[in-house]
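Shown next: input_9.cif, given as mmCIF, C-alpha atoms and all ligand atoms.
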data_final
loop_
_atom_site.label_atom_id
_atom_site.label_comp_id
_atom_site.auth_asym_id
_atom_site.auth_seq_id
_atom_site.Cartn_x
_atom_site.Cartn_y
_atom_site.Cartn_z
CA MET A 4 -42.64 48.40 -36.67
CA LYS A 5 -44.51 47.12 -39.74
CA THR A 6 -43.36 43.49 -39.75
CA ILE A 7 -41.49 41.26 -37.37
CA ASP A 8 -40.04 37.91 -38.38
CA ARG A 9 -40.75 36.00 -35.21
CA LEU A 10 -42.48 36.32 -31.86
CA ILE A 11 -41.48 33.95 -29.08
CA TYR A 12 -44.34 33.87 -26.59
CA GLU A 13 -45.53 32.03 -23.49
CA ILE A 14 -42.04 32.17 -22.00
CA GLY A 15 -42.41 31.03 -18.39
CA LYS A 16 -39.27 32.78 -17.21
CA LEU A 17 -37.06 34.95 -19.38
CA TYR A 18 -33.52 35.45 -18.04
CA THR A 19 -32.64 38.70 -19.78
CA LEU A 20 -29.31 39.59 -18.12
CA ARG A 21 -30.16 43.20 -18.98
CA GLY A 22 -28.17 45.80 -17.09
CA PRO A 23 -25.27 48.20 -17.45
CA ALA A 24 -23.30 47.90 -20.71
CA ARG A 25 -20.23 46.41 -19.04
CA PRO A 26 -19.16 43.15 -17.38
CA ARG A 27 -21.02 42.41 -14.14
CA SER A 28 -18.69 42.19 -11.17
CA GLY A 29 -18.95 40.89 -7.62
CA SER A 30 -22.49 40.90 -6.23
CA GLU A 31 -23.92 42.16 -9.55
CA MET A 32 -23.38 38.67 -10.94
CA GLN A 33 -26.40 37.46 -8.97
CA GLU A 34 -28.76 39.82 -10.83
CA VAL A 35 -30.07 38.12 -13.96
CA SER A 36 -33.23 40.20 -14.38
CA VAL A 37 -36.03 37.69 -14.86
CA ILE A 38 -39.35 38.49 -16.59
CA GLU A 39 -42.21 36.01 -16.06
CA ASN A 40 -44.84 35.34 -18.78
CA ALA A 41 -42.65 37.05 -21.31
CA ALA A 42 -42.33 37.46 -25.06
CA ILE A 43 -39.53 38.46 -27.44
CA ALA A 44 -40.02 40.01 -30.89
CA ILE A 45 -37.32 39.51 -33.52
CA ALA A 46 -36.75 41.34 -36.79
CA GLN A 47 -33.75 40.92 -39.12
CA GLY A 48 -31.91 38.85 -36.57
CA GLN A 49 -32.22 41.40 -33.80
CA ILE A 50 -34.34 41.76 -30.70
CA VAL A 51 -36.86 44.55 -31.30
CA ALA A 52 -39.17 44.12 -28.31
CA VAL A 53 -38.93 42.23 -25.04
CA GLY A 54 -41.02 42.21 -21.89
CA LYS A 55 -44.26 40.84 -20.41
CA GLU A 56 -46.20 39.10 -23.16
CA GLU A 57 -49.25 41.36 -22.89
CA GLU A 58 -47.04 44.46 -23.14
CA VAL A 59 -45.11 43.14 -26.14
CA ARG A 60 -48.37 42.18 -27.91
CA GLN A 61 -49.73 45.63 -27.20
CA GLN A 62 -46.62 47.18 -28.79
CA LEU A 63 -47.13 44.92 -31.83
CA LYS A 64 -50.82 45.52 -32.33
CA ASP A 65 -50.43 47.07 -35.79
CA THR A 66 -47.55 44.84 -36.79
CA THR A 67 -47.50 41.77 -39.05
CA ILE A 68 -45.98 38.80 -37.25
CA VAL A 69 -44.55 36.34 -39.78
CA GLU A 70 -44.10 33.44 -37.36
CA GLU A 71 -44.97 32.69 -33.74
CA LEU A 72 -43.03 30.28 -31.54
CA ASN A 73 -44.68 29.00 -28.38
CA ALA A 74 -42.13 28.47 -25.58
CA LYS A 75 -44.82 26.54 -23.62
CA GLY A 76 -43.98 28.02 -20.24
CA ARG A 77 -40.34 27.03 -20.39
CA ILE A 78 -37.30 29.20 -19.73
CA VAL A 79 -35.34 31.27 -22.23
CA THR A 80 -31.79 32.55 -21.78
CA PRO A 81 -29.24 34.23 -24.02
CA GLY A 82 -27.18 31.74 -26.06
CA PHE A 83 -24.08 30.67 -24.17
CA VAL A 84 -20.87 32.44 -25.05
CA ASP A 85 -17.83 30.19 -24.66
CA PRO A 86 -14.84 32.53 -24.28
CA HIS A 87 -11.95 30.03 -24.14
CA THR A 88 -11.56 26.99 -26.39
CA HIS A 89 -8.81 25.22 -28.30
CA LEU A 90 -11.37 24.17 -30.90
CA VAL A 91 -9.20 23.46 -33.94
CA HIS A 92 -6.81 20.56 -33.38
CA GLY A 93 -5.83 17.17 -34.73
CA GLY A 94 -6.30 13.87 -32.92
CA SER A 95 -7.28 13.21 -29.32
CA ARG A 96 -5.42 12.15 -26.17
CA GLU A 97 -7.38 9.43 -24.42
CA HIS A 98 -4.06 7.54 -24.02
CA GLU A 99 -3.17 10.11 -21.32
CA LEU A 100 -5.99 8.87 -19.11
CA SER A 101 -4.01 5.88 -17.84
CA LEU A 102 -0.93 8.09 -17.19
CA LYS A 103 -3.14 10.43 -15.19
CA LEU A 104 -4.61 7.53 -13.25
CA GLN A 105 -1.04 6.47 -12.39
CA GLY A 106 -0.50 9.95 -10.94
CA VAL A 107 1.65 11.50 -13.70
CA SER A 108 0.97 15.25 -13.62
CA TYR A 109 -0.15 17.43 -16.53
CA LEU A 110 3.15 19.32 -16.64
CA ASP A 111 5.19 16.10 -16.39
CA ILE A 112 3.35 14.64 -19.39
CA LEU A 113 4.20 17.86 -21.29
CA ALA A 114 7.85 17.80 -20.15
CA GLN A 115 8.11 14.21 -21.51
CA GLY A 116 7.05 15.44 -24.96
CA GLY A 117 3.39 14.45 -24.59
CA GLY A 118 0.39 16.61 -23.71
CA ILE A 119 0.17 19.74 -25.86
CA LEU A 120 3.18 18.54 -27.88
CA SER A 121 1.39 15.33 -28.80
CA THR A 122 -1.51 17.39 -30.19
CA VAL A 123 1.03 19.60 -32.00
CA ARG A 124 2.28 16.51 -33.85
CA SER A 125 -1.27 15.45 -34.82
CA THR A 126 -2.22 18.98 -35.86
CA ARG A 127 0.85 19.45 -38.01
CA GLN A 128 0.12 16.16 -39.78
CA ALA A 129 -3.54 16.96 -40.39
CA THR A 130 -4.76 18.63 -43.57
CA GLU A 131 -6.91 21.71 -43.42
CA GLU A 132 -9.93 19.59 -44.45
CA GLU A 133 -9.32 17.10 -41.66
CA LEU A 134 -9.02 19.87 -39.08
CA TYR A 135 -12.18 21.47 -40.47
CA ARG A 136 -14.19 18.26 -40.23
CA GLN A 137 -13.07 17.53 -36.68
CA ALA A 138 -13.70 21.08 -35.44
CA LYS A 139 -17.09 21.25 -37.19
CA LYS A 140 -18.21 18.14 -35.34
CA SER A 141 -17.34 19.87 -32.06
CA LEU A 142 -19.08 23.08 -33.11
CA ASP A 143 -22.24 21.11 -33.95
CA ARG A 144 -22.13 19.62 -30.45
CA MET A 145 -21.65 23.05 -28.90
CA LEU A 146 -24.63 24.44 -30.80
CA ILE A 147 -26.89 21.57 -29.73
CA LEU A 148 -25.77 22.21 -26.16
CA GLY A 149 -26.69 25.92 -26.36
CA ALA A 150 -23.51 27.80 -27.34
CA THR A 151 -23.96 30.47 -30.01
CA THR A 152 -20.64 32.37 -29.85
CA VAL A 153 -17.28 30.69 -29.24
CA GLU A 154 -13.67 31.81 -28.98
CA ALA A 155 -11.09 29.57 -30.70
CA LYS A 156 -7.34 29.63 -30.10
CA SER A 157 -4.54 28.47 -32.32
CA GLY A 158 -1.46 27.06 -30.59
CA TYR A 159 -1.12 23.49 -31.81
CA GLY A 160 0.89 24.44 -34.89
CA LEU A 161 3.82 26.31 -33.34
CA THR A 162 5.23 27.15 -36.77
CA LEU A 163 3.94 30.03 -38.86
CA THR A 164 2.53 27.68 -41.52
CA ASN A 165 0.72 25.47 -39.05
CA GLU A 166 -0.58 28.32 -36.89
CA LEU A 167 -1.99 29.96 -40.03
CA LYS A 168 -3.54 26.62 -41.00
CA GLN A 169 -5.44 26.42 -37.71
CA LEU A 170 -6.55 30.06 -37.92
CA ARG A 171 -7.75 29.65 -41.50
CA VAL A 172 -9.89 26.69 -40.45
CA ALA A 173 -11.48 28.81 -37.71
CA LYS A 174 -12.12 31.59 -40.24
CA MET A 175 -13.81 29.18 -42.65
CA LEU A 176 -15.97 27.71 -39.88
CA ASN A 177 -16.96 31.20 -38.81
CA GLU A 178 -18.14 31.90 -42.34
CA ARG A 179 -20.10 28.66 -42.72
CA HIS A 180 -21.33 27.56 -39.30
CA PRO A 181 -24.16 29.21 -37.32
CA ILE A 182 -21.84 29.61 -34.32
CA GLU A 183 -19.85 32.83 -34.48
CA LEU A 184 -16.17 32.27 -33.83
CA VAL A 185 -13.73 34.78 -32.38
CA SER A 186 -10.11 33.88 -33.07
CA THR A 187 -7.11 34.13 -30.77
CA PHE A 188 -3.51 33.59 -31.85
CA MET A 189 -1.68 31.43 -29.30
CA GLY A 190 1.65 30.62 -30.94
CA ALA A 191 3.12 30.79 -27.43
CA HIS A 192 1.21 27.73 -26.18
CA ALA A 193 4.28 25.51 -25.68
CA ILE A 194 7.95 25.43 -26.64
CA PRO A 195 8.02 23.14 -29.70
CA GLU A 196 10.34 20.12 -29.60
CA GLU A 197 12.69 21.64 -32.19
CA TYR A 198 13.32 24.60 -29.82
CA LYS A 199 13.65 22.57 -26.61
CA GLY A 200 16.25 24.33 -24.43
CA ASP A 201 16.16 27.47 -26.60
CA SER A 202 12.96 29.21 -25.65
CA GLU A 203 14.54 32.57 -26.50
CA ALA A 204 14.81 31.67 -30.18
CA PHE A 205 11.17 30.55 -30.24
CA VAL A 206 9.95 33.69 -28.44
CA GLN A 207 11.69 35.75 -31.12
CA ILE A 208 9.96 33.79 -33.87
CA VAL A 209 6.59 34.37 -32.22
CA ILE A 210 7.28 38.09 -31.90
CA GLU A 211 9.06 38.81 -35.16
CA GLU A 212 7.60 36.29 -37.57
CA MET A 213 4.24 34.99 -36.39
CA LEU A 214 2.53 37.99 -34.75
CA PRO A 215 3.03 40.42 -37.69
CA GLU A 216 1.93 37.83 -40.25
CA VAL A 217 -1.22 36.84 -38.33
CA LYS A 218 -2.02 40.53 -37.97
CA ALA A 219 -1.40 41.29 -41.63
CA ARG A 220 -3.77 38.51 -42.66
CA GLY A 221 -6.41 39.62 -40.15
CA LEU A 222 -6.72 36.09 -38.79
CA ALA A 223 -6.99 36.80 -35.06
CA GLU A 224 -8.35 39.46 -32.75
CA PHE A 225 -6.55 38.40 -29.57
CA CYS A 226 -3.15 37.08 -28.56
CA ASP A 227 -2.79 34.61 -25.69
CA VAL A 228 0.28 33.11 -23.93
CA PHE A 229 0.62 30.06 -21.66
CA CYS A 230 2.51 31.68 -18.77
CA GLU A 231 3.48 28.67 -16.66
CA LYS A 232 6.44 26.93 -15.03
CA GLY A 233 8.35 25.09 -17.77
CA VAL A 234 6.41 26.86 -20.52
CA PHE A 235 6.69 30.69 -20.88
CA THR A 236 8.06 32.79 -18.01
CA VAL A 237 6.42 36.00 -16.84
CA GLU A 238 9.15 37.98 -18.62
CA GLU A 239 8.71 36.08 -21.90
CA SER A 240 4.94 36.46 -21.63
CA ARG A 241 5.31 40.19 -21.01
CA ARG A 242 7.48 40.55 -24.14
CA ILE A 243 5.12 38.60 -26.37
CA LEU A 244 1.99 40.33 -25.10
CA THR A 245 3.57 43.78 -25.30
CA ALA A 246 4.56 43.14 -28.91
CA ALA A 247 1.03 41.92 -29.63
CA GLN A 248 -0.47 45.00 -28.00
CA LYS A 249 1.64 47.26 -30.22
CA LEU A 250 0.22 45.49 -33.27
CA GLY A 251 -3.33 46.04 -32.02
CA PHE A 252 -4.22 42.59 -30.66
CA GLY A 253 -6.40 42.35 -27.55
CA LEU A 254 -4.58 40.49 -24.80
CA LYS A 255 -5.38 37.26 -22.98
CA ILE A 256 -3.20 35.13 -20.76
CA HIS A 257 -3.28 31.59 -19.37
CA ALA A 258 -2.23 32.68 -15.90
CA ASP A 259 -1.29 30.84 -12.71
CA GLU A 260 -2.96 27.62 -13.81
CA ILE A 261 -0.68 25.28 -11.92
CA GLU A 262 2.04 27.39 -10.25
CA SER A 263 1.59 30.85 -8.78
CA LEU A 264 4.05 32.61 -11.11
CA GLY A 265 2.56 36.10 -11.19
CA GLY A 266 0.50 35.78 -14.37
CA ALA A 267 -2.51 37.44 -12.76
CA GLU A 268 -0.32 40.40 -11.73
CA LEU A 269 0.96 40.62 -15.32
CA ALA A 270 -2.63 40.59 -16.63
CA GLY A 271 -3.34 43.64 -14.44
CA GLU A 272 -0.12 45.39 -15.48
CA LEU A 273 -0.87 44.94 -19.20
CA ASN A 274 -4.62 45.63 -18.90
CA CYS A 275 -5.45 42.29 -20.50
CA ILE A 276 -9.11 41.85 -21.41
CA SER A 277 -9.07 38.56 -19.49
CA ALA A 278 -6.86 36.15 -17.58
CA GLU A 279 -7.72 32.47 -17.70
CA HIS A 280 -7.47 29.47 -15.32
CA LEU A 281 -6.13 31.29 -12.20
CA LEU A 282 -6.23 28.19 -9.97
CA ALA A 283 -3.07 29.28 -8.17
CA ALA A 284 -3.49 33.06 -8.48
CA SER A 285 -2.51 35.00 -5.35
CA ASP A 286 -4.74 37.57 -3.67
CA LYS A 287 -2.30 40.22 -4.90
CA GLY A 288 -2.72 38.99 -8.46
CA LEU A 289 -6.51 38.92 -8.19
CA GLN A 290 -6.46 42.43 -6.73
CA ALA A 291 -4.32 43.64 -9.65
CA MET A 292 -6.90 42.18 -12.01
CA ALA A 293 -9.78 43.82 -10.13
CA ASP A 294 -7.94 47.18 -10.18
CA HIS A 295 -7.54 47.00 -13.97
CA GLY A 296 -10.92 45.52 -14.90
CA VAL A 297 -9.45 42.21 -16.12
CA ILE A 298 -12.14 39.54 -16.47
CA ALA A 299 -11.39 36.24 -14.68
CA VAL A 300 -12.18 33.38 -17.07
CA CYS A 301 -12.49 30.27 -14.90
CA LEU A 302 -12.51 26.75 -16.27
CA PRO A 303 -14.05 24.29 -13.82
CA ALA A 304 -14.11 21.39 -16.30
CA THR A 305 -10.31 21.65 -16.47
CA SER A 306 -9.69 21.52 -12.73
CA PHE A 307 -12.24 18.70 -12.49
CA ASN A 308 -10.53 16.74 -15.27
CA LEU A 309 -7.02 17.37 -13.92
CA GLY A 310 -8.17 16.39 -10.43
CA VAL A 311 -6.88 19.59 -8.82
CA SER A 312 -8.43 22.25 -6.56
CA PRO A 313 -10.63 24.65 -8.53
CA ALA A 314 -10.19 28.41 -8.89
CA ARG A 315 -11.17 30.51 -5.85
CA VAL A 316 -14.20 32.06 -7.46
CA ARG A 317 -15.91 33.04 -4.19
CA ARG A 318 -12.80 35.05 -3.30
CA MET A 319 -12.83 36.62 -6.78
CA ILE A 320 -16.45 37.67 -6.34
CA GLU A 321 -15.58 39.07 -2.88
CA LEU A 322 -12.81 41.13 -4.53
CA ASN A 323 -15.43 42.48 -6.96
CA LEU A 324 -13.98 40.80 -10.04
CA ALA A 325 -16.12 39.99 -13.06
CA VAL A 326 -16.01 36.21 -13.53
CA ALA A 327 -16.70 34.38 -16.80
CA LEU A 328 -16.87 30.60 -17.22
CA SER A 329 -15.84 28.50 -20.19
CA THR A 330 -15.48 24.89 -21.26
CA ASP A 331 -11.77 25.29 -22.21
CA TYR A 332 -12.63 22.63 -24.78
CA ASN A 333 -9.33 20.99 -25.78
CA PRO A 334 -8.04 17.43 -26.23
CA GLY A 335 -5.89 17.39 -23.08
CA SER A 336 -7.02 19.23 -19.99
CA SER A 337 -10.72 19.57 -20.86
CA PRO A 338 -12.15 17.24 -23.51
CA THR A 339 -15.74 18.47 -23.32
CA GLU A 340 -17.78 20.86 -25.45
CA SER A 341 -20.57 21.07 -22.90
CA PRO A 342 -21.52 24.43 -21.39
CA GLN A 343 -24.16 22.62 -19.31
CA MET A 344 -21.45 20.47 -17.73
CA VAL A 345 -19.66 23.73 -16.88
CA MET A 346 -22.86 25.05 -15.26
CA THR A 347 -22.98 22.03 -12.97
CA LEU A 348 -19.29 22.29 -12.10
CA GLY A 349 -19.63 26.04 -11.58
CA CYS A 350 -22.25 25.36 -8.92
CA LEU A 351 -20.84 22.22 -7.33
CA GLN A 352 -17.11 22.91 -7.51
CA LEU A 353 -16.83 26.69 -7.63
CA LYS A 354 -19.77 27.19 -5.24
CA MET A 355 -21.46 29.69 -7.51
CA THR A 356 -25.21 30.16 -7.59
CA PRO A 357 -27.05 29.22 -10.83
CA GLU A 358 -27.62 32.95 -11.43
CA GLU A 359 -23.91 33.77 -11.04
CA VAL A 360 -23.09 30.90 -13.38
CA LEU A 361 -25.53 32.20 -16.00
CA THR A 362 -24.02 35.70 -15.82
CA ALA A 363 -20.55 34.17 -16.15
CA MET A 364 -21.56 32.17 -19.24
CA THR A 365 -23.45 34.88 -21.08
CA ILE A 366 -22.84 38.60 -20.57
CA ASN A 367 -19.45 38.34 -18.80
CA ALA A 368 -18.23 35.74 -21.28
CA ALA A 369 -19.30 38.06 -24.11
CA TYR A 370 -17.27 40.92 -22.63
CA ALA A 371 -14.29 38.59 -22.22
CA ILE A 372 -14.12 38.37 -26.03
CA ASN A 373 -15.21 41.93 -26.73
CA ARG A 374 -18.71 40.99 -27.88
CA GLY A 375 -20.61 42.47 -24.93
CA LYS A 376 -22.35 45.03 -27.12
CA GLN A 377 -23.74 42.42 -29.54
CA VAL A 378 -24.53 39.30 -27.50
CA GLY A 379 -24.79 37.91 -23.95
CA SER A 380 -28.09 39.50 -22.91
CA ILE A 381 -31.66 39.79 -24.19
CA GLU A 382 -32.12 43.48 -24.84
CA ILE A 383 -33.44 45.59 -27.69
CA GLY A 384 -30.80 46.02 -30.40
CA LYS A 385 -28.86 42.90 -29.52
CA GLN A 386 -28.60 39.80 -31.70
CA ALA A 387 -31.42 37.31 -31.20
CA ASP A 388 -29.12 34.53 -29.94
CA LEU A 389 -31.46 32.59 -27.67
CA VAL A 390 -31.98 29.21 -26.06
CA ILE A 391 -35.26 27.62 -24.97
CA PHE A 392 -34.51 25.01 -22.32
CA ASP A 393 -36.88 22.16 -21.58
CA THR A 394 -37.33 23.22 -17.97
CA THR A 395 -39.29 25.79 -15.98
CA ASN A 396 -36.44 27.12 -13.84
CA LEU A 397 -32.73 27.82 -14.18
CA ALA A 398 -31.46 25.72 -11.26
CA TYR A 399 -32.84 22.58 -12.88
CA ILE A 400 -30.09 22.69 -15.54
CA PRO A 401 -27.02 22.41 -13.26
CA TYR A 402 -28.98 20.19 -10.85
CA HIS A 403 -29.95 17.49 -13.36
CA PHE A 404 -26.50 16.97 -14.78
CA GLY A 405 -25.06 14.90 -17.60
CA ILE A 406 -27.89 15.40 -20.10
CA ASN A 407 -28.83 18.05 -22.62
CA HIS A 408 -31.70 20.34 -21.57
CA VAL A 409 -31.75 22.39 -24.79
CA ASP A 410 -34.96 22.32 -26.79
CA THR A 411 -34.47 25.19 -29.27
CA VAL A 412 -31.54 27.40 -30.25
CA LEU A 413 -31.89 30.58 -32.29
CA LYS A 414 -28.87 32.26 -33.87
CA LYS A 415 -29.49 35.80 -35.13
CA GLY A 416 -33.20 34.99 -35.05
CA ASP A 417 -32.96 31.75 -37.09
CA ILE A 418 -33.95 28.46 -35.51
CA VAL A 419 -30.83 26.29 -35.76
CA VAL A 420 -31.71 23.61 -33.19
CA GLN A 421 -35.24 22.27 -32.69
CA ARG A 422 -36.32 19.64 -30.16
CA GLY A 423 -32.64 19.16 -29.35
CA GLN A 424 -31.71 18.35 -32.98
CA LEU A 425 -29.63 20.35 -35.45
CA LEU A 426 -31.69 21.80 -38.28
CA GLY A 427 -30.65 21.99 -41.90
CA ASN A 428 -28.08 20.16 -43.91
CA ARG A 429 -24.98 20.84 -41.84
N1 LIG B 1 -3.09 24.98 -20.27
C1 LIG B 1 -2.83 25.18 -21.41
N2 LIG B 1 -3.60 25.01 -22.50
C2 LIG B 1 -4.81 24.28 -22.53
C3 LIG B 1 -4.61 22.82 -22.58
C4 LIG B 1 -4.04 22.39 -23.85
C5 LIG B 1 -3.79 20.92 -23.94
O1 LIG B 1 -3.54 20.24 -22.93
O2 LIG B 1 -3.80 20.47 -25.09
C6 LIG B 1 -5.73 24.71 -21.40
O3 LIG B 1 -6.10 25.88 -21.40
O4 LIG B 1 -6.10 23.94 -20.52
ZN ZN B 2 -6.63 27.14 -22.70
#
Represent the supplied structure as structure tokens.
Amino acid sequence: MKTIDRLIYEIGKLYTLRGPARPRSGSEMQEVSVIENAAIAIAQGQIVAVGKEEEVRQQLKDTTIVEELNAKGRIVTPGFVDPHTHLVHGGSREHELSLKLQGVSYLDILAQGGGILSTVRSTRQATEEELYRQAKKSLDRMLILGATTVEAKSGYGLTLTNELKQLRVAKMLNERHPIELVSTFMGAHAIPEEYKGDSEAFVQIVIEEMLPEVKARGLAEFCDVFCEKGVFTVEESRRILTAAQKLGFGLKIHADEIESLGGAELAGELNCISAEHLLAASDKGLQAMADHGVIAVCLPATSFNLGVSPARVRRMIELNLAVALSTDYNPGSSPTESPQMVMTLGCLQLKMTPEEVLTAMTINAAYAINRGKQVGSIEIGKQADLVIFDTTNLAYIPYHFGINHVDTVLKKGDIVVQRGQLLGNR
């Protein structure tokens, strides 16, 4: 090495998450591979050396270091990967709060034409610029809170034109914002009002019209379906996902969120990359996922916000599943962009250790969106997506909840957040 762009030194504890190049399952989730008194060298956006500071400095003794960044004894982790969001949408739904407080359930609000369908109306009305501005504001928040890679689903358009509009906004944000976005097509998020009572006709439109067009335009990598009572049946979900698979989409499924329909079993059958929610998943369904290497993406902010029992993550870990965690940021079931809130809920509601939570929000989350080779751990050759937290140990973050502990965020080696503030003219 002749020159490196940046050396981060005096890292009190470096949570590297190094390990086998695959999702970490079961008891492996506890192993986060900590190096004390560490340093990281970065060149051209990538990690080129990592280890004890004296060893890294020794390796760099004939190298020009352009810039040094003192971590002042604090902790460094990989940037959070958020593998499940409904980032691009119009409007918000705070009016549902009073309905919820009166005991009206999430699915009842949807059945009455509210919920997802209310956001569909706002999203259809919004221009591309309006959607862009609203989503960018959320992305800025995510970055300040430590997320560096984020999945974004469509699914509030429910017509080809409006689904493409959402996906185009995500594409534009991916090109312009420091956060990398990974897009998922979710035309099967709800039955639109104009197809009420005729889900078959809508399923055909998703399969014959939307999926091929999204594919042809290269606007999404994954396809997702809301498999739920009153939304899409297991059979409809199977048809949509099978058609998507034939076109080359990776598969995701909102499975067994409220009713135990068999979505987790379907995820195993179709070898989905991940199944999400899983609050009501049966042991048989979880076993099918474990047998087929399906990652369980759990969303504790959603169960918290809906006031329902959380996913059985301890059971999942016992069954040797790989668990990822996500905000599920959306205007209905989880109106929060905060990965740190998810850390707290992961510990307090899902009974995970801080180390398991970190694995779930970095390397496992990266694998849940097929980015495990690029991000999610601090290893030579990976992108320098890093967070310096203003604390000296990991547990302090979920413990001291409701505030932002991020000091610095680096995306591909560039400092994009400093002293908790966004840098540059964004
Ligand atoms: N459950 C389905 N979809 C979203 C919520 C969408 C909404 O309520 O707007 C979720 O993952 O929680
Ligand atoms: Zn979702």
Which polymer residues have any atom within 6 Å of an atom of region 156-160 of chain A, counting all atoms listed in the file, with same-chain residues fewer than 4 positions away left out, as a VMD selection string? chain A and resid 89 123 127 165 to 166 169 186 to 190 192
So which residues touch Ile68 (chain A) within 10 Å, counting all atoms listed in the file, skipping near sequence neighbours fewer than 4 positions away, as number ranges by chain? A: 5-10, 44-46, 63-64
* **Ref. answer, residues at most 12 Å from (-12.3, 24.0, -22.5) with only C-alpha atoms, as a PyMOL selection string** => chain A and resi 85-91+141+145+153-156+279-280+300-308+328-342+344-345
Preceding selection exported with C-alpha atoms as an mmCIF file, keeping the file's coordinate frame:
data_model
loop_
_atom_site.group_PDB
_atom_site.id
_atom_site.type_symbol
_atom_site.label_atom_id
_atom_site.label_comp_id
_atom_site.auth_asym_id
_atom_site.auth_seq_id
_atom_site.Cartn_x
_atom_site.Cartn_y
_atom_site.Cartn_z
ATOM 1 C CA ASP A 85 -17.830 30.190 -24.660
ATOM 2 C CA PRO A 86 -14.840 32.530 -24.280
ATOM 3 C CA HIS A 87 -11.950 30.030 -24.140
ATOM 4 C CA THR A 88 -11.560 26.990 -26.390
ATOM 5 C CA HIS A 89 -8.810 25.220 -28.300
ATOM 6 C CA LEU A 90 -11.370 24.170 -30.900
ATOM 7 C CA VAL A 91 -9.200 23.460 -33.940
ATOM 8 C CA SER A 141 -17.340 19.870 -32.060
ATOM 9 C CA MET A 145 -21.650 23.050 -28.900
ATOM 10 C CA VAL A 153 -17.280 30.690 -29.240
ATOM 11 C CA GLU A 154 -13.670 31.810 -28.980
ATOM 12 C CA ALA A 155 -11.090 29.570 -30.700
ATOM 13 C CA LYS A 156 -7.340 29.630 -30.100
ATOM 14 C CA GLU A 279 -7.720 32.470 -17.700
ATOM 15 C CA HIS A 280 -7.470 29.470 -15.320
ATOM 16 C CA VAL A 300 -12.180 33.380 -17.070
ATOM 17 C CA CYS A 301 -12.490 30.270 -14.900
ATOM 18 C CA LEU A 302 -12.510 26.750 -16.270
ATOM 19 C CA PRO A 303 -14.050 24.290 -13.820
ATOM 20 C CA ALA A 304 -14.110 21.390 -16.300
ATOM 21 C CA THR A 305 -10.310 21.650 -16.470
ATOM 22 C CA SER A 306 -9.690 21.520 -12.730
ATOM 23 C CA PHE A 307 -12.240 18.700 -12.490
ATOM 24 C CA ASN A 308 -10.530 16.740 -15.270
ATOM 25 C CA LEU A 328 -16.870 30.600 -17.220
ATOM 26 C CA SER A 329 -15.840 28.500 -20.190
ATOM 27 C CA THR A 330 -15.480 24.890 -21.260
ATOM 28 C CA ASP A 331 -11.770 25.290 -22.210
ATOM 29 C CA TYR A 332 -12.630 22.630 -24.780
ATOM 30 C CA ASN A 333 -9.330 20.990 -25.780
ATOM 31 C CA PRO A 334 -8.040 17.430 -26.230
ATOM 32 C CA GLY A 335 -5.890 17.390 -23.080
ATOM 33 C CA SER A 336 -7.020 19.230 -19.990
ATOM 34 C CA SER A 337 -10.720 19.570 -20.860
ATOM 35 C CA PRO A 338 -12.150 17.240 -23.510
ATOM 36 C CA THR A 339 -15.740 18.470 -23.320
ATOM 37 C CA GLU A 340 -17.780 20.860 -25.450
ATOM 38 C CA SER A 341 -20.570 21.070 -22.900
ATOM 39 C CA PRO A 342 -21.520 24.430 -21.390
ATOM 40 C CA MET A 344 -21.450 20.470 -17.730
ATOM 41 C CA VAL A 345 -19.660 23.730 -16.880
#
Separating CA of Cys230 (chain A) from CA of Gln207 (chain A), to the nearest tenth of an Å, is a gap of 15.9 Å
Hey, which of A:Val206, A:Leu120, A:Met355, A:Ala247 ends up closest to ligand LIG 1 (chain B)? Count only C-alpha atoms and all ligand atoms.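 Comparing A:Val206, A:Leu120, A:Met355, A:Ala247 against ligand LIG 1 (chain B), the winner is A:Leu120.
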**Request:** Identify, on the basis of all atoms listed in the file, every residue whose closest approach to Val297 (chain A) does not exceed 9 Å; exclude the query and any residue fewer than 6 positions from it along the same chain; express the result as a list of chain:residue names.
**Result:**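 Neighbouring residues, sequence-local ones excluded: A:Ala270, A:Gly271, A:Asn274, A:Cys275, A:Ile276, A:Ser277, A:Ala278, A:Ala291, A:Leu324, A:Ala325, A:Ala371.
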Rounded to one decimal, what separation in Å do you get between CA of Ile400 (chain A) and CA of Val311 (chain A)?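 So the two atoms, CA of Ile400 (chain A) and CA of Val311 (chain A), lie 24.4 Å apart.
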| Looking at A:Gly423, A:Gly288, A:Pro195, A:Pro26, which one is nearest to Gly265 (chain A), with distances taken over all atoms listed in the file? |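 Among A:Gly423, A:Gly288, A:Pro195, A:Pro26, it is A:Gly288 that comes nearest to Gly265 (chain A).
You will find CA of Arg422 (chain A) at 9.0 Å from CA of Asp393 (chain A).
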Which one is closest to Ala114 (chain A): A:Ile210, A:Leu72, A:Ala193, A:Val419? Count only C-alpha atoms.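 Of all the options, A:Ala193 lies closest to Ala114 (chain A).
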Residue with the minimum atom-to-atom distance to Asp388 (chain A), picked from A:Val360, A:Leu100, A:Ile418, A:Ile119 with only C-alpha atoms counted, is A:Ile418
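Minimum atom-to-atom distance to Thr362 (chain A), evaluated using all atoms listed in the file, belongs to A:Val35 out of A:Val35, A:Cys226, A:Leu348, A:Met4.
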Residues near region 216-222 of chain A, cut-off 8 Å, only C-alpha atoms, skip fewer than 6 positions along chain, as an mmCIF file with C-alpha atoms, in the frame of the given file:
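Final output, saved to selection-v5.cif:
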data_model
loop_
_atom_site.group_PDB
_atom_site.id
_atom_site.type_symbol
_atom_site.label_atom_id
_atom_site.label_comp_id
_atom_site.auth_asym_id
_atom_site.auth_seq_id
_atom_site.Cartn_x
_atom_site.Cartn_y
_atom_site.Cartn_z
ATOM 1 C CA LEU A 167 -1.990 29.960 -40.030
ATOM 2 C CA LEU A 170 -6.550 30.060 -37.920
ATOM 3 C CA ARG A 171 -7.750 29.650 -41.500
ATOM 4 C CA LYS A 174 -12.120 31.590 -40.240
ATOM 5 C CA SER A 186 -10.110 33.880 -33.070
ATOM 6 C CA PHE A 188 -3.510 33.590 -31.850
ATOM 7 C CA LEU A 250 0.220 45.490 -33.270
ATOM 8 C CA PHE A 252 -4.220 42.590 -30.660
#
